[in-house]
$ cat entry28.txt   # compact mmCIF, C-alpha atoms
# COMPACT_ATOMS: atom_id res chain seq x y z
CA MET G 1 -19.12 -7.09 3.04
CA ARG G 2 -21.31 -4.44 1.39
CA LYS G 3 -21.25 -2.22 -1.66
CA LEU G 4 -20.15 1.29 -0.80
CA ARG G 5 -19.26 4.32 -2.85
CA TYR G 6 -15.74 5.71 -2.56
CA GLY G 7 -17.06 9.06 -1.32
CA ALA G 8 -19.36 7.40 1.21
CA ALA G 9 -16.48 5.29 2.51
CA ILE G 10 -14.45 8.44 3.19
CA ALA G 11 -17.46 9.98 4.94
CA GLU G 12 -17.73 6.89 7.16
CA ALA G 13 -14.05 7.11 8.02
CA LEU G 14 -14.40 10.76 8.99
CA ALA G 15 -17.49 10.10 11.12
CA GLU G 16 -15.99 7.09 12.89
CA GLU G 17 -12.77 8.93 13.68
CA MET G 18 -14.70 11.96 14.96
CA GLU G 19 -16.72 9.67 17.23
CA ARG G 20 -13.56 7.93 18.46
CA ASP G 21 -11.48 11.04 19.11
CA PRO G 22 -12.99 14.41 20.14
CA GLU G 23 -9.84 16.17 18.90
CA VAL G 24 -10.69 15.33 15.27
CA PHE G 25 -12.45 18.13 13.41
CA LEU G 26 -13.10 19.05 9.76
CA ILE G 27 -12.30 22.36 8.12
CA GLY G 28 -12.77 23.61 4.57
CA GLU G 29 -14.87 25.49 2.08
CA ASP G 30 -18.56 24.47 1.83
CA ILE G 31 -18.04 21.31 3.92
CA GLY G 32 -20.74 22.23 6.43
CA GLU G 33 -24.42 22.25 5.53
CA ALA G 34 -23.57 22.03 1.81
CA GLY G 35 -21.64 18.81 2.40
CA GLY G 36 -18.68 19.73 0.20
CA VAL G 37 -18.53 20.36 -3.52
CA PHE G 38 -18.48 16.60 -4.15
CA GLY G 39 -20.84 15.73 -1.29
CA VAL G 40 -18.33 13.76 0.76
CA THR G 41 -19.05 15.51 4.07
CA ARG G 42 -22.83 15.64 3.62
CA GLY G 43 -24.61 14.98 6.93
CA LEU G 44 -21.55 15.48 9.15
CA PHE G 45 -22.41 19.08 9.98
CA LYS G 46 -25.82 18.01 11.26
CA LYS G 47 -24.31 15.14 13.25
CA PHE G 48 -21.34 16.93 14.83
CA GLY G 49 -22.27 20.60 14.66
CA PRO G 50 -20.39 23.77 13.77
CA ASP G 51 -17.79 23.31 16.50
CA ARG G 52 -16.36 20.28 14.70
CA VAL G 53 -17.25 20.90 11.06
CA PHE G 54 -15.91 24.35 10.19
CA ASP G 55 -17.15 26.08 7.06
CA THR G 56 -14.56 28.66 6.05
CA PRO G 57 -14.10 31.66 3.81
CA ILE G 58 -12.40 31.10 0.47
CA SER G 59 -8.80 31.20 1.67
CA GLU G 60 -6.70 28.06 1.44
CA GLU G 61 -3.85 29.79 3.25
CA ALA G 62 -6.12 30.54 6.21
CA ILE G 63 -7.72 27.08 6.19
CA VAL G 64 -4.44 25.16 6.16
CA GLY G 65 -2.75 27.65 8.48
CA ALA G 66 -5.52 27.28 11.07
CA ALA G 67 -5.37 23.50 10.78
CA VAL G 68 -1.60 23.38 11.19
CA GLY G 69 -1.83 25.66 14.21
CA ALA G 70 -4.52 23.48 15.76
CA ALA G 71 -2.42 20.36 15.14
CA LEU G 72 0.54 21.97 16.89
CA VAL G 73 -1.50 22.28 20.09
CA GLY G 74 -2.92 18.75 20.07
CA ALA G 75 -5.93 18.67 17.75
CA ARG G 76 -6.25 16.38 14.74
CA PRO G 77 -7.71 18.52 11.97
CA VAL G 78 -8.82 17.20 8.60
CA VAL G 79 -8.65 19.76 5.80
CA GLU G 80 -10.59 19.45 2.56
CA VAL G 81 -9.00 21.31 -0.34
CA MET G 82 -11.95 21.66 -2.70
CA PHE G 83 -9.75 21.38 -5.80
CA GLY G 84 -6.16 20.27 -5.29
CA ASP G 85 -5.02 22.97 -7.72
CA PHE G 86 -5.75 25.58 -5.04
CA VAL G 87 -3.25 24.13 -2.58
CA THR G 88 -0.68 26.41 -4.22
CA LEU G 89 -2.10 29.13 -1.96
CA ALA G 90 -1.10 27.16 1.15
CA MET G 91 2.27 25.74 0.13
CA ASP G 92 4.24 27.66 2.77
CA MET G 93 2.03 26.25 5.53
CA LEU G 94 2.49 22.71 4.25
CA VAL G 95 6.05 22.42 2.95
CA ASN G 96 7.81 24.97 5.20
CA GLN G 97 5.85 24.55 8.42
CA ALA G 98 3.90 21.29 8.76
CA ALA G 99 6.47 19.15 6.95
CA LYS G 100 9.48 20.41 8.92
CA THR G 101 8.24 20.97 12.48
CA SER G 102 8.89 17.45 13.78
CA TYR G 103 12.43 17.41 12.36
CA MET G 104 13.27 20.92 13.56
CA THR G 105 12.07 20.16 17.10
CA GLY G 106 13.88 16.85 17.35
CA GLY G 107 10.60 14.96 17.23
CA ARG G 108 9.19 16.77 20.26
CA ILE G 109 6.34 18.44 18.34
CA GLY G 110 4.23 16.63 15.78
CA VAL G 111 1.78 18.05 13.26
CA PRO G 112 -0.99 15.45 12.93
CA VAL G 113 -2.91 17.21 10.17
CA THR G 114 -4.68 15.36 7.34
CA VAL G 115 -5.13 17.23 4.06
CA ARG G 116 -7.68 15.73 1.68
CA MET G 117 -6.87 16.81 -1.87
CA VAL G 118 -9.49 16.52 -4.62
CA THR G 119 -7.34 15.66 -7.62
CA GLY G 120 -7.36 14.83 -11.32
CA THR G 121 -9.70 15.66 -14.15
CA ALA G 122 -13.39 14.87 -14.25
CA GLY G 123 -13.97 15.67 -17.91
CA SER G 124 -13.47 19.20 -19.26
CA THR G 125 -12.58 20.77 -15.93
CA ALA G 126 -9.67 22.55 -17.66
CA GLY G 127 -6.23 23.68 -16.54
CA GLN G 128 -6.98 25.10 -13.09
CA HIS G 129 -9.31 22.37 -11.78
CA SER G 130 -7.73 19.19 -13.20
CA GLN G 131 -4.15 18.91 -12.04
CA SER G 132 -2.55 15.90 -10.39
CA LEU G 133 0.02 17.43 -8.04
CA GLU G 134 1.01 14.45 -5.90
CA ALA G 135 4.65 14.57 -7.04
CA TRP G 136 5.10 17.98 -5.37
CA PHE G 137 4.37 16.45 -1.99
CA VAL G 138 6.19 13.18 -2.62
CA HIS G 139 9.23 15.41 -3.17
CA THR G 140 8.81 17.15 0.22
CA PRO G 141 10.54 15.46 3.19
CA GLY G 142 8.31 15.28 6.24
CA LEU G 143 5.03 14.67 4.41
CA LYS G 144 3.32 11.33 3.90
CA VAL G 145 1.26 10.83 0.75
CA VAL G 146 -1.50 8.32 0.05
CA ALA G 147 -3.66 7.74 -3.03
CA PRO G 148 -6.51 5.26 -2.45
CA SER G 149 -8.03 3.72 -5.58
CA ASN G 150 -11.09 1.96 -4.11
CA ALA G 151 -13.63 2.50 -1.35
CA ALA G 152 -12.19 0.06 1.20
CA ASP G 153 -8.68 1.48 0.83
CA ALA G 154 -10.04 5.03 0.99
CA LYS G 155 -11.70 4.32 4.32
CA GLY G 156 -8.67 2.53 5.77
CA LEU G 157 -6.16 5.12 4.58
CA VAL G 158 -8.18 8.13 5.76
CA LYS G 159 -8.42 6.52 9.20
CA ALA G 160 -4.68 5.87 9.20
CA ALA G 161 -3.93 9.42 8.08
CA ILE G 162 -6.00 10.93 10.89
CA ARG G 163 -4.25 8.80 13.52
CA ASP G 164 -0.74 9.36 12.13
CA PRO G 165 1.53 11.73 14.10
CA ASP G 166 2.80 13.35 10.88
CA PRO G 167 1.08 15.45 8.20
CA VAL G 168 -0.54 13.23 5.57
CA MET G 169 -1.75 14.27 2.11
CA VAL G 170 -4.68 12.16 0.89
CA PHE G 171 -5.27 12.35 -2.86
CA GLU G 172 -8.84 11.52 -3.94
CA HIS G 173 -9.66 11.40 -7.65
CA LYS G 174 -12.89 13.13 -8.68
CA LEU G 175 -13.96 10.27 -10.94
CA LEU G 176 -13.69 7.75 -8.10
CA TYR G 177 -16.19 9.38 -5.72
CA GLY G 178 -19.18 7.66 -7.33
CA ARG G 179 -17.47 4.30 -7.87
CA SER G 180 -18.78 1.45 -5.69
CA ASP G 181 -16.71 -1.41 -4.30
CA GLN G 182 -17.04 -4.19 -1.77
CA VAL G 183 -16.13 -2.87 1.68
CA PRO G 184 -15.91 -4.92 4.90
CA ASP G 185 -18.37 -4.01 7.64
CA GLN G 186 -15.41 -3.25 9.88
CA VAL G 187 -12.48 -1.35 8.35
CA ASP G 188 -9.38 -0.77 10.45
CA PRO G 189 -6.69 1.80 9.65
CA LEU G 190 -4.60 0.57 6.73
CA PRO G 191 -0.86 0.69 7.49
CA LEU G 192 0.89 3.33 5.41
CA GLY G 193 3.50 1.91 3.08
CA GLU G 194 1.68 -1.31 2.16
CA GLY G 195 0.64 -1.73 -1.46
CA ARG G 196 -1.38 -4.56 -2.95
CA VAL G 197 -1.36 -6.88 -5.93
CA VAL G 198 -4.57 -6.08 -7.81
CA ARG G 199 -4.00 -8.59 -10.61
CA GLU G 200 -1.43 -11.36 -10.76
CA GLY G 201 0.68 -11.93 -13.87
CA GLU G 202 3.98 -13.32 -15.11
CA ASP G 203 5.31 -11.22 -18.01
CA VAL G 204 5.33 -7.58 -16.90
CA THR G 205 4.62 -5.52 -13.77
CA VAL G 206 2.42 -2.44 -14.11
CA VAL G 207 2.34 0.05 -11.22
CA SER G 208 -0.55 2.50 -11.22
CA TYR G 209 -2.89 4.28 -8.82
CA LEU G 210 -6.08 6.32 -8.54
CA HIS G 211 -8.22 6.48 -11.69
CA THR G 212 -5.44 5.37 -14.07
CA LEU G 213 -5.28 2.04 -12.22
CA TYR G 214 -8.54 1.02 -13.89
CA ALA G 215 -7.18 1.88 -17.33
CA ALA G 216 -4.19 -0.35 -16.52
CA LEU G 217 -6.51 -3.19 -15.50
CA GLU G 218 -8.48 -2.80 -18.72
CA ALA G 219 -5.25 -2.93 -20.70
CA ALA G 220 -4.19 -6.08 -18.83
CA GLU G 221 -7.46 -7.80 -19.67
CA ARG G 222 -7.10 -6.93 -23.36
CA LEU G 223 -3.55 -8.24 -23.49
CA GLU G 224 -4.49 -11.52 -21.86
CA GLU G 225 -6.15 -12.41 -25.15
CA GLU G 226 -2.78 -11.81 -26.85
CA GLY G 227 -0.98 -14.14 -24.46
CA ILE G 228 0.64 -11.39 -22.37
CA SER G 229 0.27 -11.91 -18.63
CA VAL G 230 0.22 -8.60 -16.75
CA GLU G 231 0.67 -8.12 -13.01
CA VAL G 232 -0.89 -4.89 -11.73
CA LEU G 233 0.23 -3.26 -8.47
CA ASP G 234 -1.51 -0.48 -6.57
CA PRO G 235 0.99 1.19 -4.20
CA ARG G 236 -1.85 2.88 -2.24
CA SER G 237 0.81 4.80 -0.31
CA LEU G 238 3.26 6.90 -2.33
CA VAL G 239 5.24 7.96 0.77
CA PRO G 240 6.22 5.63 2.31
CA PHE G 241 6.42 3.41 -0.79
CA ASP G 242 6.20 -0.39 -0.67
CA ARG G 243 9.58 -1.43 -2.09
CA ARG G 244 9.16 -5.07 -1.08
CA LEU G 245 5.94 -5.38 -3.08
CA LEU G 246 7.70 -4.02 -6.17
CA SER G 247 10.78 -6.19 -5.82
CA ASP G 248 8.71 -9.34 -5.25
CA SER G 249 6.79 -8.63 -8.44
CA LEU G 250 9.89 -7.79 -10.52
CA ARG G 251 11.56 -10.97 -9.33
CA LYS G 252 8.74 -12.76 -11.10
CA THR G 253 8.24 -10.60 -14.22
CA GLY G 254 11.55 -8.80 -14.86
CA ARG G 255 9.76 -5.92 -16.61
CA LEU G 256 8.23 -2.68 -15.32
CA LEU G 257 5.77 -0.11 -16.62
CA VAL G 258 4.45 2.80 -14.54
CA ALA G 259 1.26 4.64 -15.50
CA HIS G 260 -0.35 7.74 -14.01
CA GLU G 261 -2.45 10.76 -15.01
CA ALA G 262 0.03 13.38 -13.80
CA PRO G 263 2.56 14.75 -16.31
CA ARG G 264 5.46 12.48 -17.16
CA ARG G 265 8.26 14.95 -16.36
CA GLY G 266 9.24 14.65 -12.70
CA GLY G 267 6.18 12.56 -11.88
CA VAL G 268 5.80 9.81 -9.31
CA GLY G 269 6.48 7.34 -12.13
CA ALA G 270 9.99 8.75 -12.45
CA GLU G 271 10.65 8.08 -8.76
CA ILE G 272 9.29 4.52 -8.96
CA ALA G 273 11.39 3.90 -12.07
CA ALA G 274 14.46 5.24 -10.26
CA ILE G 275 13.82 2.99 -7.25
CA ALA G 276 13.65 -0.01 -9.56
CA ALA G 277 16.71 1.02 -11.59
CA GLU G 278 18.88 1.78 -8.55
CA GLU G 279 17.77 -0.86 -6.07
CA MET G 280 16.38 -3.68 -8.23
CA TRP G 281 18.47 -3.45 -11.39
CA ASP G 282 19.44 -7.10 -11.14
CA LEU G 283 15.77 -8.09 -11.44
CA LEU G 284 15.16 -6.12 -14.64
CA GLY G 285 15.40 -7.77 -18.03
CA ALA G 286 14.13 -4.86 -20.13
CA PRO G 287 14.05 -1.03 -20.11
CA ILE G 288 11.51 0.59 -17.79
CA THR G 289 8.52 2.27 -19.43
CA ARG G 290 6.42 5.23 -18.28
CA VAL G 291 2.97 5.96 -19.71
CA CYS G 292 1.83 9.23 -18.18
CA GLY G 293 0.07 12.50 -18.84
CA ALA G 294 1.62 14.87 -21.35
CA ASN G 295 3.81 17.74 -20.17
CA THR G 296 1.15 20.35 -20.81
CA PRO G 297 -1.59 22.18 -18.89
CA MET G 298 -4.83 20.21 -19.00
CA PRO G 299 -6.91 21.38 -21.98
CA TYR G 300 -10.65 21.99 -21.80
CA ALA G 301 -11.64 20.36 -25.10
CA PRO G 302 -12.57 16.67 -24.55
CA GLU G 303 -10.61 15.58 -27.64
CA LEU G 304 -7.44 17.26 -26.40
CA GLU G 305 -7.97 16.05 -22.83
CA GLY G 306 -8.18 12.49 -24.16
CA PHE G 307 -4.89 13.04 -25.96
CA VAL G 308 -3.16 14.24 -22.79
CA ILE G 309 -4.38 11.59 -20.32
CA PRO G 310 -3.18 7.97 -20.73
CA ASP G 311 -5.93 5.47 -21.49
CA ALA G 312 -6.12 1.68 -21.71
CA ALA G 313 -5.04 1.66 -25.36
CA ARG G 314 -1.89 3.68 -24.68
CA ILE G 315 -1.03 1.60 -21.62
CA ALA G 316 -1.55 -1.59 -23.65
CA GLU G 317 0.78 -0.22 -26.32
CA GLY G 318 3.37 0.47 -23.65
CA ILE G 319 3.06 -3.02 -22.21
CA ARG G 320 3.52 -4.62 -25.64
CA ALA G 321 6.64 -2.54 -26.26
CA THR G 322 8.02 -3.35 -22.79
CA VAL G 323 7.55 -7.08 -23.32
CA LYS G 324 9.39 -6.76 -26.64
CA GLY G 325 12.17 -4.80 -24.91
CA SER G 326 11.82 -1.59 -26.94
CA PRO G 327 9.48 0.83 -25.16
CA GLY G 328 10.58 4.11 -26.73
CA ARG G 329 8.50 7.25 -26.03
CA LEU G 330 4.85 6.47 -25.36
CA THR G 331 3.76 9.72 -23.73
CA PRO G 332 3.14 12.88 -25.81
CA VAL G 333 5.90 15.42 -25.24

$ encode --input "entry28.txt" --output "structure tokens"
Amino acid sequence: MRKLRYGAAIAEALAEEMERDPEVFLIGEDIGEAGGVFGVTRGLFKKFGPDRVFDTPISEEAIVGAAVGAALVGARPVVEVMFGDFVTLAMDMLVNQAAKTSYMTGGRIGVPVTVRMVTGTAGSTAGQHSQSLEAWFVHTPGLKVVAPSNAADAKGLVKAAIRDPDPVMVFEHKLLYGRSDQVPDQVDPLPLGEGRVVREGEDVTVVSYLHTLYAALEAAERLEEEGISVEVLDPRSLVPFDRRLLSDSLRKTGRLLVAHEAPRRGGVGAEIAAIAAEEMWDLLGAPITRVCGANTPMPYAPELEGFVIPDAARIAEGIRATVKGSPGRLTPV
């Protein structure tokens, strides 16, 4: 085991997959000599050259379109979308082409493209550089969606995404790139659809991912002093989603809270809550709670940003209310 930054773990995954498979290449804005806006691909241009690390003009439609086309003829491209907000410019390529090709060809043609999405806020990055758009892609049949919260999972999930025969969206939170975790010397691809228990508990299950996971863990530690035992789950993969992990936890706790940075309305938390309500209703002993971002564009002012994004205090408040059986509304409208 060794300490490794989240961003460095992704870089290792990219390098190892490029060494393993000559059909893997990288494409995106400033990912060449500059190493990407967050430095994740630094050094890969020098190692693999311009034929496998493509710096592009500022055109997400062209970047994703070229990658999807390359995937259709056998390559395994890895796209970096500098800020996930800009993927709006390539939605047709992703949701109408990449996501549907396998289905519309009866499984004869796959689109093994990996799209790395830089997501979330990093402190006053405002409304067009701070969004968490994972629910859009969770909603789209034909796409797989992963959201690694630590360095080891980031490396394993990026490897799995590159090897997968289907298009995979990898959401990477800006505030996690510099976070260091213990990572095994050898990391194999992590099977998609397998979550993990981050913290064991008995009274309530909290499901969270990416940067909000750490706010949930902080809330759990605070509540331990109040005699509330919190189990924290990290799904890691949003599509496919680990239903067995959730049901096993609810069988023990009987209560569920979901927390994420993205807006509450139509968010991934709503889908997880629906899964629990429809498929695991007999395990629930209290109403389900969601503690999420407010239904508003992300403000620039730090004070307002702090109001919009759920923190440990708000998650702790939600857990207390869930344990009492009266969650109410805990997210700003």

$ residues_around --input "entry28.txt" --residues "stretch 52-69 of chain G" --least-positions-apart "4" --cutoff "10 Å" --atoms "all atoms listed in the file" --output "VMD selection string"
chain G and resid 18 22 to 36 41 44 to 48 73 to 82 86 to 94 97 to 98 111 to 115 167

$ closest_residue --input "entry28.txt" --among "G:Ala9, G:Ala122, G:Arg264, G:Ile319" --to "G:Glu221" --atoms "only C-alpha atoms"
G:Ile319

$ axis_aligned_box --input "entry28.txt" --around "stretch 240-258 of chain G" --padding-each-side "5 Å" --output "AutoDock Vina command-line options"
--center_x 8.0 --center_y -3.6 --center_z -7.2 --size_x 17.1 --size_y 28.4 --size_z 28.9

$ closest_residue --input "entry28.txt" --among "G:Gln186, G:Ser180, G:Thr212, G:Thr101" --to "G:Gly120" --atoms "only C-alpha atoms"
G:Thr212

$ residues_around --input "entry28.txt" --residues "G:Tyr214" --least-positions-apart "4" --cutoff "10 Å" --atoms "all atoms listed in the file" --output "ChimeraX atom specification"
/G:149,208-210,218-220,232,311-312

$ write_last_selection --input "entry28.txt" --atoms "C-alpha atoms" --output "compact mmCIF listing (two decimals), keeping the file's coordinate frame"
# COMPACT_ATOMS: atom_id res chain seq x y z
CA SER G 149 -8.03 3.72 -5.58
CA SER G 208 -0.55 2.50 -11.22
CA TYR G 209 -2.89 4.28 -8.82
CA LEU G 210 -6.08 6.32 -8.54
CA GLU G 218 -8.48 -2.80 -18.72
CA ALA G 219 -5.25 -2.93 -20.70
CA ALA G 220 -4.19 -6.08 -18.83
CA VAL G 232 -0.89 -4.89 -11.73
CA ASP G 311 -5.93 5.47 -21.49
CA ALA G 312 -6.12 1.68 -21.71

$ atom_distance --input "entry28.txt" --atom1 "atom CA of G:Glu17" --atom2 "atom CA of G:Leu72"
18.9 Å

$ residues_near_point --input "entry28.txt" --point "(-1.2, 4.1, 14.1)" --cutoff "8 Å" --atoms "all atoms listed in the file" --output "PyMOL selection string"
chain G and resi 160+163-164+189+191

$ residues_around --input "entry28.txt" --residues "G:Ala270" --least-positions-apart "2" --cutoff "12 Å" --atoms "only C-alpha atoms" --output "ChimeraX atom specification"
/G:135,138-139,207,256-260,262-268,272-278,288-292

$ closest_residue --input "entry28.txt" --among "G:Tyr6, G:Phe38, G:Trp136, G:Phe83" --to "G:Gly178" --atoms "all atoms listed in the file"
G:Tyr6

$ closest_residue --input "entry28.txt" --among "G:Glu305, G:Glu317, G:Glu194, G:Asp51" --to "G:Leu245" --atoms "all atoms listed in the file"
G:Glu194

$ atom_distance --input "entry28.txt" --atom1 "atom CA of G:Leu213" --atom2 "atom CA of G:Asp234"
7.2 Å

$ closest_residue --input "entry28.txt" --among "G:Ala126, G:Val187, G:Val168, G:Leu176" --to "G:Ser237" --atoms "only C-alpha atoms"
G:Val168

$ closest_residue --input "entry28.txt" --among "G:Gly123, G:Pro235, G:Gly254, G:Gly49" --to "G:Glu303" --atoms "all atoms listed in the file"
G:Gly123

$ atom_distance --input "entry28.txt" --atom1 "atom CA of G:Phe171" --atom2 "atom CA of G:Ala147"
4.9 Å

$ residues_around --input "entry28.txt" --residues "G:Val230" --least-positions-apart "2" --cutoff "8 Å" --atoms "all atoms listed in the file" --output "JSON, numbers by chain"
{"G": [199, 200, 201, 202, 203, 204, 205, 206, 220, 223, 224, 228, 232]}

$ build_atoms --input "entry28.txt" --residues "stretch 218-241 of chain G" --atoms "N, CA and C atoms" --output "tab-separated table (two decimals), in the coordinates of the input"
chain	number	residue	atom	x	y	z
G	218	GLU	N	-7.83	-2.55	-17.42
G	218	GLU	CA	-8.48	-2.80	-18.72
G	218	GLU	C	-7.46	-3.23	-19.77
G	219	ALA	N	-6.30	-2.56	-19.76
G	219	ALA	CA	-5.25	-2.93	-20.70
G	219	ALA	C	-4.77	-4.36	-20.44
G	220	ALA	N	-4.63	-4.72	-19.17
G	220	ALA	CA	-4.19	-6.08	-18.83
G	220	ALA	C	-5.17	-7.13	-19.32
G	221	GLU	N	-6.45	-6.85	-19.20
G	221	GLU	CA	-7.46	-7.80	-19.67
G	221	GLU	C	-7.41	-7.96	-21.18
G	222	ARG	N	-7.21	-6.85	-21.90
G	222	ARG	CA	-7.10	-6.93	-23.36
G	222	ARG	C	-5.90	-7.78	-23.77
G	223	LEU	N	-4.79	-7.56	-23.09
G	223	LEU	CA	-3.55	-8.24	-23.49
G	223	LEU	C	-3.55	-9.72	-23.12
G	224	GLU	N	-4.38	-10.10	-22.19
G	224	GLU	CA	-4.49	-11.52	-21.86
G	224	GLU	C	-4.89	-12.33	-23.08
G	225	GLU	N	-5.73	-11.74	-23.92
G	225	GLU	CA	-6.15	-12.41	-25.15
G	225	GLU	C	-5.01	-12.55	-26.15
G	226	GLU	N	-3.96	-11.73	-25.98
G	226	GLU	CA	-2.78	-11.81	-26.85
G	226	GLU	C	-1.68	-12.68	-26.26
G	227	GLY	N	-1.97	-13.28	-25.10
G	227	GLY	CA	-0.98	-14.14	-24.46
G	227	GLY	C	0.02	-13.42	-23.60
G	228	ILE	N	-0.26	-12.16	-23.24
G	228	ILE	CA	0.64	-11.39	-22.37
G	228	ILE	C	0.02	-11.34	-20.99
G	229	SER	N	0.76	-11.84	-20.00
G	229	SER	CA	0.27	-11.91	-18.63
G	229	SER	C	0.79	-10.71	-17.83
G	230	VAL	N	-0.14	-9.87	-17.38
G	230	VAL	CA	0.22	-8.60	-16.75
G	230	VAL	C	-0.10	-8.63	-15.26
G	231	GLU	N	0.90	-8.29	-14.44
G	231	GLU	CA	0.67	-8.12	-13.01
G	231	GLU	C	0.48	-6.63	-12.73
G	232	VAL	N	-0.58	-6.29	-12.01
G	232	VAL	CA	-0.89	-4.89	-11.73
G	232	VAL	C	-0.77	-4.65	-10.22
G	233	LEU	N	0.03	-3.64	-9.86
G	233	LEU	CA	0.23	-3.26	-8.47
G	233	LEU	C	-0.38	-1.90	-8.20
G	234	ASP	N	-1.02	-1.77	-7.05
G	234	ASP	CA	-1.51	-0.48	-6.57
G	234	ASP	C	-0.72	-0.13	-5.32
G	235	PRO	N	0.16	0.88	-5.37
G	235	PRO	CA	0.99	1.19	-4.20
G	235	PRO	C	0.19	1.71	-3.01
G	236	ARG	N	-0.98	2.30	-3.27
G	236	ARG	CA	-1.85	2.88	-2.24
G	236	ARG	C	-1.17	4.02	-1.49
G	237	SER	N	0.03	3.79	-1.03
G	237	SER	CA	0.81	4.80	-0.31
G	237	SER	C	2.02	5.17	-1.17
G	238	LEU	N	2.14	6.45	-1.51
G	238	LEU	CA	3.26	6.90	-2.33
G	238	LEU	C	4.46	7.25	-1.45
G	239	VAL	N	4.20	7.75	-0.26
G	239	VAL	CA	5.24	7.96	0.77
G	239	VAL	C	4.63	7.57	2.11
G	240	PRO	N	5.15	6.54	2.75
G	240	PRO	CA	6.22	5.63	2.31
G	240	PRO	C	5.75	4.70	1.18
G	241	PHE	N	6.70	4.25	0.37
G	241	PHE	CA	6.42	3.41	-0.79
G	241	PHE	C	6.82	1.97	-0.50
